[in-house]
Amino acid sequence: MYKSNPAKSLLPWLQSQLAESDDICLQKLESKEKKAQLFYIKSICDQAFIQDHLLIPFFETDSLHDYLSYIDNLFQTSSYISPEKTLNQLLHGSVVFISGMNIRLIDIRKVANTGISEAKIESTVQGPQNSFSEDIATNLNMIRDRYYQPSLKIENQEIGNQAPTPIAIIYDEKLVDPAVLESVNKRLAEIQGEMAIILSIGQLERHLSRRKRTMFPTIMLTERPDRVAYNLAQGKIAIVMQGNPFVLLVPSVFFDFMASMDDLYHTYWTSRFVVVLRYLGLFITITLPSLYVVSTAYNPELFRVQLAVTIAGSRISVPYPAFVEVFLMLLMMEFLTEASLRLPKMIGSTATTVGGLILGQAATEAALVSNIMVILIAAVAISNFVIPINAMGFAMRGVKYLLLFISTVFGMIGFIVGLVGIVAYLVHLDSFGQPYLKLFMKSSTDQEEITRVKEEQG
Amino acid sequence: MSRFYYYLIFLNMTVNVVAFVPNVLLQQRFIGAVPSMVIALIVGTINAAIFGFCINRFPGEGLPEILNRYVKPWIRTLFLLLMGVTWFIAGIITILIFVDVSKQYINPEMPEWTFLFIFLAFVVLCAKMPSIKVLYLLELLLILNLPLVAIIFLKVYTHPYFSWDAVKEVGTHALTIPAWDSFTVALYTFAGYLNMVIFARVMKDQFQFKRGWIIGSVAFVNLFTTFFIPIGLLGTEAVGHARYPWVMTADTIRFDLSPIERGIGLFLLLYVSISLTSALIHWHVGLELMKGAVNVKKYKAKAQRIIPWMVTLLFCGVTFAINELLFQSQIRSFSIVWYTIRLFGEFLLIFLLGYCAWRRGHEGV
C-alpha cells in the first residue's frame, strides 16, 4: 500500500508506530522554493551534525536538486527500502529526510559510551592496558588497529528478530577454518529465528554453544584487544556486539582459558614458571578439599605418620565428620567471595575483615573447625583466582564440589576416578568442532590427515 | 604409525603389571617362565609387525569395514561378535582384578559392589566417546602418569635391598622347557596393538617397520621389570606366594622426604587410572566391534543410541555376576583360560586380516 507513494504515507505510519515520546523530533525546513522534513529521535542523534551538515547546507544551496546530490554524497546516507527497515534505522539513530517524493536515511548515531577504560577483569602487568568500549565502531577500530592484515574481514549482521542489535563477525580470511565459520553462521541464523532480543554478549554466548546445560565455557569472552588480535592470527573468529565491552572468540579450547596475555610478554622461563604455577593452582583448588576428606576419613595411612598425626590432632576437638567440616567452611568461603563481588566498594572491606576474622580465628578457637582446615580453605580460595579467565575459574569452583561429593562417598578410589572423570569430560567436549582438550594442539587435525592419506592413495 | 599406536602398546604392557601376568610368570619361574618370555618377545614383535603390515593396506579403515568387503557376511558377523566378547572380557578381567586390589589394599571396609559401581560407571560413560576422543584421553592420562611411572622405576632399580643374586639365580633357569601358561600371559602384554582393529580408523600415518625396534625394546624392558624386580626385592622363594607380587614390591619402596611415605600409595594411585584407561579402551573396542557386527548404521538414529547402552549394560551385568559367583582364585583360573583363548583369537585375527590384505593385493588396488 505504501509502494504507490511512499513519501506521503511514510511519515504518518512512522508516527503511528512510535510512542508519543518527547525526544521524537519532526523538523520542517523551508527556504526559497525548497521544502523538506527531517524526522529523527533527538536522544540518539548527533545534534551538532544536523546543524552543521544538514541545516546549514539546506539554506546555502540553490535548488532542491543540488541539496539532494549533496546529501547523496554524504557517506552516511542510504536509500529508502521499506517502512519497517526505516523504522529500524530510525531507532538506531538515523534521520529520515523527506522532500516531495524523495526519501533519504542519514545515519548520524551518537554513542555516549565510547570511552575506553582500563582492563579490569583480565589485567596484565606488562601488556597493553586498555579494554574494549561499549561501542561497536570503536571496538572495530581497536581491533583493526592491532591487526594490520589485508585479509581481515568484517561482516556486519544483526541479531534478534524483534529489536535487532548490530553485531560484527571478524576473522582473517586466509587463516579461518571454513567449517567453523559455517557452523557459526548457521548457529547465528538459528538464533536470529529463535530470539526476540539479545541484550548482552553473554546471552549470545549461551545460545551459541549448542549444549543447553554445560559446566565449562567453550566460547571465550574477552575484554582485551590484544587477545582478540592474537586469536585472529590463530585463525579464530571474533564476534563483537553493540553495547558490550566484551568480544566472543570461537572456537576456544581448554588451554585458551588457562592462558594469560602476560605469558607472551614475559621472558620465556618466567612465563613458563607462571604457567606451571597456574596449573598447580588449578590442581590444588580442585583437589585439596577432597584430599582432606579422603586422608582423614578413609586413608590416613597414605601420608607419612607425622603428617597424619598432625592432621588428626588438629581435628581432635571437632565434633563432626571431616566432610561436614570441609563443606561448611567451603560454603562460608563461597559466601564471602560472592558477597564481596556484590558489595559496593565502600563497604567491601567489611566483608573481608569480618569474614577473615570469623572464619579464621573464631571458628578454630570455638573448635568448630580444625586449624589445618582454615589453612586449606585459604589455599583453595586463593589458588582458584590464579586461573586467568574468570569463566574457567567459576567452572572450577563448581567442579571441586563434585569431586568432594564423589570422594566423600567412595573414598580414595572415588577421588581418583572423579579426577580422571573430569579429565575425560573435558576431553569429550567440543568447541565448534574443535576438540576441547587434547595434547599437542598445534598438529593438524586428524580427519584432515586421513583425507590426505586417502587422496594420496588415489 | 602415529604416536597413539605406541601408547596403546605401552598401556597394555603397563597395565599387566598388576594383572595376573606377574603372578603366573612368577609361579613358573623355575619351570619355564624365562624361555617362554623370550619366545613371547619374538612372537609378539613379529605378530605386531605382520599386523601392522596388513593394516597398512587399509588406511583409515577398521576391522568391520575391511571384513565387510572380503569375507562372507555370516563369518564376519560371527567373528566380530566373538572378538567383541573377547575384548569385553579383557576389560572385565582388568576391572575385577582392580576391584580386588582396591578392596585388599585401599579400602578394606568398603563392599565390593561400590568399587564395581564406580569403575563401571566411568568405563561405560567413557567407552561411548568417539574413538579419537578416547585416544586423546589415553594420551593425556599416560603423559600425566609418566612422572609416577618414572619415579617408581627409579626407586625399584635403585632400591638398597635389591638382590641381583636372586635375579641371577632365576636367570639360570633360562634353559628349561618353555611353559604354556607363561607364554600366553607374556604374549598378552604385547596385545595392545590389536586395539588398532578399531583405532586404525582415526590414525594418521602408516606403520613404519624401521620403528619396530621400539616395540621390541620397550617390551623387553617391561617383561624384564615385571618379572625380575619382584624377584630381586622379595626373594626367589617368597615371590611365588604373592597374588599381586607387584603391589607387594611397591610396598617395599619408601620415600624418605615425601609427604606420601609409602610407595604403595603412589603405585595404587597410578594404577587406578591406568587400569581404568585400559578397561575403557578394551570396552570401547569391544563396543565398536559389536556395533560393526550388527551393522549399527543400518538402524534408526534412536536405535543407534540405544544399542551401545544395551551392550555395555549387559556386560556390566556380566561383570557383577562374575564378581558375585566366582571366588578370586576362580577368577584367576578363568583369566588363564581366557589368555589361551585370546591367543588363538589373535592368530585367527592376523590370519583373517592377512587374507583380506592378500585379496586386496590381488585386486590390484
# chains A, B, ... in the order shown; residues from 1 in each chain; ligands from 1

call {"tool": "closest_atom_pairs", "arguments": {"of": "chain B", "to": "chain A", "cutoff": "9 Å", "atoms": "only C-alpha atoms", "output": "JSON lines"}}
result
{"residue": "B:Pro59", "atom": "CA", "partner": "A:Lys454", "partner_atom": "CA", "distance": 7.1}
{"residue": "B:Gly60", "atom": "CA", "partner": "A:Ile450", "partner_atom": "CA", "distance": 6.2}
{"residue": "B:Ser102", "atom": "CA", "partner": "A:Ile413", "partner_atom": "CA", "distance": 7.7}
{"residue": "B:Ile106", "atom": "CA", "partner": "A:Met412", "partner_atom": "CA", "distance": 7.4}
{"residue": "B:Asn107", "atom": "CA", "partner": "A:Tyr298", "partner_atom": "CA", "distance": 7.3}
{"residue": "B:Met110", "atom": "CA", "partner": "A:Phe410", "partner_atom": "CA", "distance": 8.5}
{"residue": "B:Thr114", "atom": "CA", "partner": "A:Phe410", "partner_atom": "CA", "distance": 7.2}
{"residue": "B:Phe115", "atom": "CA", "partner": "A:Ile413", "partner_atom": "CA", "distance": 7.5}
{"residue": "B:Ile118", "atom": "CA", "partner": "A:Gly414", "partner_atom": "CA", "distance": 7.2}
{"residue": "B:Phe119", "atom": "CA", "partner": "A:Val417", "partner_atom": "CA", "distance": 7.4}
{"residue": "B:Phe122", "atom": "CA", "partner": "A:Gly421", "partner_atom": "CA", "distance": 6.8}
{"residue": "B:Cys126", "atom": "CA", "partner": "A:Ala424", "partner_atom": "CA", "distance": 7.1}
{"residue": "B:Met129", "atom": "CA", "partner": "A:His428", "partner_atom": "CA", "distance": 6.8}
{"residue": "B:Pro130", "atom": "CA", "partner": "A:His428", "partner_atom": "CA", "distance": 8.3}
{"residue": "B:Ile132", "atom": "CA", "partner": "A:Asp446", "partner_atom": "CA", "distance": 8.4}
{"residue": "B:Lys133", "atom": "CA", "partner": "A:His428", "partner_atom": "CA", "distance": 6.2}
{"residue": "B:Val134", "atom": "CA", "partner": "A:Val427", "partner_atom": "CA", "distance": 8.2}
{"residue": "B:Tyr136", "atom": "CA", "partner": "A:Lys438", "partner_atom": "CA", "distance": 5.6}
{"residue": "B:Leu137", "atom": "CA", "partner": "A:Ala424", "partner_atom": "CA", "distance": 6.2}
{"residue": "B:Glu139", "atom": "CA", "partner": "A:Leu439", "partner_atom": "CA", "distance": 7.4}
{"residue": "B:Leu140", "atom": "CA", "partner": "A:Leu439", "partner_atom": "CA", "distance": 6.5}
{"residue": "B:Leu141", "atom": "CA", "partner": "A:Val420", "partner_atom": "CA", "distance": 7.9}
{"residue": "B:Arg201", "atom": "CA", "partner": "A:Ile450", "partner_atom": "CA", "distance": 8.5}
{"residue": "B:Val202", "atom": "CA", "partner": "A:Asp446", "partner_atom": "CA", "distance": 6.8}
{"residue": "B:Met203", "atom": "CA", "partner": "A:Asp446", "partner_atom": "CA", "distance": 7.2}
{"residue": "B:Lys204", "atom": "CA", "partner": "A:Glu449", "partner_atom": "CA", "distance": 5.5}
{"residue": "B:Asp205", "atom": "CA", "partner": "A:Val453", "partner_atom": "CA", "distance": 7.8}
{"residue": "B:Ser258", "atom": "CA", "partner": "A:Arg304", "partner_atom": "CA", "distance": 8.0}
{"residue": "B:Pro259", "atom": "CA", "partner": "A:Phe303", "partner_atom": "CA", "distance": 5.6}
{"residue": "B:Ile260", "atom": "CA", "partner": "A:Phe303", "partner_atom": "CA", "distance": 4.5}
{"residue": "B:Glu261", "atom": "CA", "partner": "A:Arg304", "partner_atom": "CA", "distance": 4.9}
{"residue": "B:Arg262", "atom": "CA", "partner": "A:Leu302", "partner_atom": "CA", "distance": 7.2}
{"residue": "B:Ile264", "atom": "CA", "partner": "A:Leu302", "partner_atom": "CA", "distance": 8.7}
{"residue": "B:Gly265", "atom": "CA", "partner": "A:Leu302", "partner_atom": "CA", "distance": 5.8}
{"residue": "B:Leu266", "atom": "CA", "partner": "A:Leu302", "partner_atom": "CA", "distance": 8.7}
{"residue": "B:Leu269", "atom": "CA", "partner": "A:Ile416", "partner_atom": "CA", "distance": 7.0}
{"residue": "B:Val272", "atom": "CA", "partner": "A:Ile416", "partner_atom": "CA", "distance": 7.1}
{"residue": "B:Ser273", "atom": "CA", "partner": "A:Val420", "partner_atom": "CA", "distance": 6.8}
{"residue": "B:Leu276", "atom": "CA", "partner": "A:Val417", "partner_atom": "CA", "distance": 8.2}

call {"tool": "residues_around", "arguments": {"residues": "stretch 368-383 of chain A", "least_positions_apart": "4", "cutoff": "10 Å", "atoms": "only C-alpha atoms", "output": "ChimeraX atom specification"}}
result
/A:277-289,292,310-320,322,324-326,328-330,332-334,337,356,359-364,387,393,397,400

call {"tool": "write_last_selection", "arguments": {"atoms": "C-alpha atoms", "output": "PDB file, in the first residue's frame"}}
result
ATOM      1  CA  LEU A 277      52.106 -22.187  38.896  1.00  0.00           C
ATOM      2  CA  ARG A 278      48.732 -21.760  37.290  1.00  0.00           C
ATOM      3  CA  TYR A 279      48.212 -25.469  36.662  1.00  0.00           C
ATOM      4  CA  LEU A 280      49.435 -26.220  40.161  1.00  0.00           C
ATOM      5  CA  GLY A 281      46.867 -23.727  41.462  1.00  0.00           C
ATOM      6  CA  LEU A 282      44.177 -25.390  39.395  1.00  0.00           C
ATOM      7  CA  PHE A 283      45.109 -28.792  40.771  1.00  0.00           C
ATOM      8  CA  ILE A 284      45.164 -27.519  44.363  1.00  0.00           C
ATOM      9  CA  THR A 285      41.862 -25.706  44.185  1.00  0.00           C
ATOM     10  CA  ILE A 286      40.098 -28.754  42.794  1.00  0.00           C
ATOM     11  CA  THR A 287      41.670 -31.487  44.865  1.00  0.00           C
ATOM     12  CA  LEU A 288      42.577 -30.122  48.279  1.00  0.00           C
ATOM     13  CA  PRO A 289      39.116 -30.347  49.907  1.00  0.00           C
ATOM     14  CA  TYR A 292      41.430 -33.695  53.120  1.00  0.00           C
ATOM     15  CA  THR A 310      49.226 -33.691  62.975  1.00  0.00           C
ATOM     16  CA  ILE A 311      46.041 -33.604  60.942  1.00  0.00           C
ATOM     17  CA  ALA A 312      44.252 -35.959  63.310  1.00  0.00           C
ATOM     18  CA  GLY A 313      45.474 -33.937  66.309  1.00  0.00           C
ATOM     19  CA  SER A 314      44.206 -30.756  64.800  1.00  0.00           C
ATOM     20  CA  ARG A 315      40.795 -32.354  64.319  1.00  0.00           C
ATOM     21  CA  ILE A 316      40.612 -33.762  67.825  1.00  0.00           C
ATOM     22  CA  SER A 317      38.052 -31.299  69.170  1.00  0.00           C
ATOM     23  CA  VAL A 318      35.970 -31.029  66.013  1.00  0.00           C
ATOM     24  CA  PRO A 319      32.566 -32.553  66.731  1.00  0.00           C
ATOM     25  CA  TYR A 320      31.597 -33.766  63.260  1.00  0.00           C
ATOM     26  CA  ALA A 322      35.543 -34.340  58.009  1.00  0.00           C
ATOM     27  CA  VAL A 324      30.799 -31.724  57.122  1.00  0.00           C
ATOM     28  CA  GLU A 325      33.707 -29.597  58.277  1.00  0.00           C
ATOM     29  CA  VAL A 326      35.028 -29.142  54.744  1.00  0.00           C
ATOM     30  CA  LEU A 328      30.744 -25.861  55.943  1.00  0.00           C
ATOM     31  CA  MET A 329      33.974 -23.986  55.503  1.00  0.00           C
ATOM     32  CA  LEU A 330      33.813 -24.118  51.719  1.00  0.00           C
ATOM     33  CA  MET A 332      31.374 -19.881  54.081  1.00  0.00           C
ATOM     34  CA  MET A 333      34.215 -19.163  51.714  1.00  0.00           C
ATOM     35  CA  GLU A 334      31.845 -19.104  48.749  1.00  0.00           C
ATOM     36  CA  THR A 337      33.533 -14.448  47.656  1.00  0.00           C
ATOM     37  CA  GLY A 356      38.505 -13.348  57.693  1.00  0.00           C
ATOM     38  CA  LEU A 359      36.289 -17.802  59.666  1.00  0.00           C
ATOM     39  CA  GLY A 360      39.924 -17.777  60.619  1.00  0.00           C
ATOM     40  CA  GLN A 361      40.247 -17.123  64.307  1.00  0.00           C
ATOM     41  CA  ALA A 362      36.903 -17.617  65.954  1.00  0.00           C
ATOM     42  CA  ALA A 363      35.909 -20.804  64.189  1.00  0.00           C
ATOM     43  CA  THR A 364      39.081 -22.587  65.233  1.00  0.00           C
ATOM     44  CA  ILE A 387      43.115 -19.178  36.865  1.00  0.00           C
ATOM     45  CA  GLY A 393      37.655 -20.059  37.467  1.00  0.00           C
ATOM     46  CA  ARG A 397      34.713 -23.584  41.677  1.00  0.00           C
ATOM     47  CA  LYS A 400      35.544 -29.139  43.305  1.00  0.00           C
TER      48      LYS A 400
END

call {"tool": "residues_around", "arguments": {"residues": "stretch 311-328 of chain B", "least_positions_apart": "2", "cutoff": "7 Å", "atoms": "only C-alpha atoms", "output": "short mmCIF file (atom, residue, chain, number, x, y, z; two decimals) with N, CA and C atoms, in the first residue's frame"}}
result
data_model
loop_
_atom_site.label_atom_id
_atom_site.label_comp_id
_atom_site.auth_asym_id
_atom_site.auth_seq_id
_atom_site.Cartn_x
_atom_site.Cartn_y
_atom_site.Cartn_z
N ILE B 92 36.71 -56.69 31.53
CA ILE B 92 36.13 -57.21 32.77
C ILE B 92 37.22 -57.73 33.70
N LEU B 96 37.86 -56.47 37.42
CA LEU B 96 37.71 -57.36 38.57
C LEU B 96 39.00 -57.42 39.39
N LEU B 120 32.67 -49.21 36.81
CA LEU B 120 31.83 -49.47 35.64
C LEU B 120 31.18 -48.19 35.14
N VAL B 124 31.68 -47.25 31.36
CA VAL B 124 30.53 -47.25 30.47
C VAL B 124 30.34 -45.88 29.84
N ILE B 307 21.53 -49.05 21.28
CA ILE B 307 22.31 -50.30 21.18
C ILE B 307 23.58 -50.27 22.04
N PRO B 308 24.39 -49.19 21.95
CA PRO B 308 25.59 -49.16 22.82
C PRO B 308 25.25 -49.27 24.29
N TRP B 309 24.17 -48.60 24.71
CA TRP B 309 23.77 -48.70 26.12
C TRP B 309 23.43 -50.13 26.48
N GLN B 330 39.07 -68.51 41.44
CA GLN B 330 38.40 -68.98 40.22
C GLN B 330 38.52 -67.94 39.11
N ILE B 331 38.47 -66.66 39.52
CA ILE B 331 38.66 -65.62 38.51
C ILE B 331 40.04 -65.75 37.89
N ARG B 332 41.02 -66.14 38.72
CA ARG B 332 42.37 -66.32 38.21
C ARG B 332 42.41 -67.45 37.18
#

call {"tool": "select_by_dssp", "arguments": {"residues": "stretch 222-305 of chain A", "states": "strand (DSSP E)", "output": "list in words"}}
result
Thr222, Ile237, Ala238, Ile239, Val240, Met241, Val247, Leu248, Leu249 and Val250 of chain A

call {"tool": "residues_around", "arguments": {"residues": "B:Tyr70", "least_positions_apart": "3", "cutoff": "12 Å", "atoms": "only C-alpha atoms", "output": "PyMOL selection string"}}
result
chain B and resi 63-67+73-76+352-363

call {"tool": "atom_distance", "arguments": {"atom1": "atom CA of A:Ile197", "atom2": "atom CA of A:Val240"}}
result
16.0 Å

call {"tool": "select_by_dssp", "arguments": {"residues": "stretch 40-263 of chain B", "states": "helix (DSSP H, G or I)", "output": "number ranges by chain"}}
result
B: 40-55, 63-70, 73-106, 112-127, 131-157, 164-175, 180-188, 191-202, 209-234, 238-241, 245-250, 263

call {"tool": "residues_around", "arguments": {"residues": "stretch 209-216 of chain A", "least_positions_apart": "3", "cutoff": "7 Å", "atoms": "only C-alpha atoms", "output": "list of chain:residue names"}}
result
A:Glu205, A:Arg206, A:Met392, A:Ala395

call {"tool": "residues_around", "arguments": {"residues": "stretch 8-14 of chain A", "least_positions_apart": "4", "cutoff": "8 Å", "atoms": "only C-alpha atoms", "output": "count of residues only"}}
result
6

call {"tool": "atom_distance", "arguments": {"atom1": "atom CA of B:Lys297", "atom2": "atom CA of B:Val85"}}
result
20.0 Å

call {"tool": "residues_around", "arguments": {"residues": "A:Ile50", "least_positions_apart": "3", "cutoff": "10 Å", "atoms": "only C-alpha atoms", "output": "list in words"}}
result
Leu38, Cys45, Asp46, Gln47, His53, Leu54, Leu55, Ile56, Val95, Ile106 and Ile108 of chain A

call {"tool": "closest_residue", "arguments": {"among": "B:Ala293, B:Met83, B:Leu234, B:Ile95", "to": "B:Leu343", "atoms": "only C-alpha atoms"}}
result
B:Met83

call {"tool": "closest_residue", "arguments": {"among": "B:Thr226, B:Ser182, B:Asn145, B:Asn47", "to": "B:Gln27", "atoms": "only C-alpha atoms"}}
result
B:Ser182

call {"tool": "closest_residue", "arguments": {"among": "A:Thr408, A:Gln17, A:Ser123, A:Ser31", "to": "A:Pro388", "atoms": "only C-alpha atoms"}}
result
A:Ser123
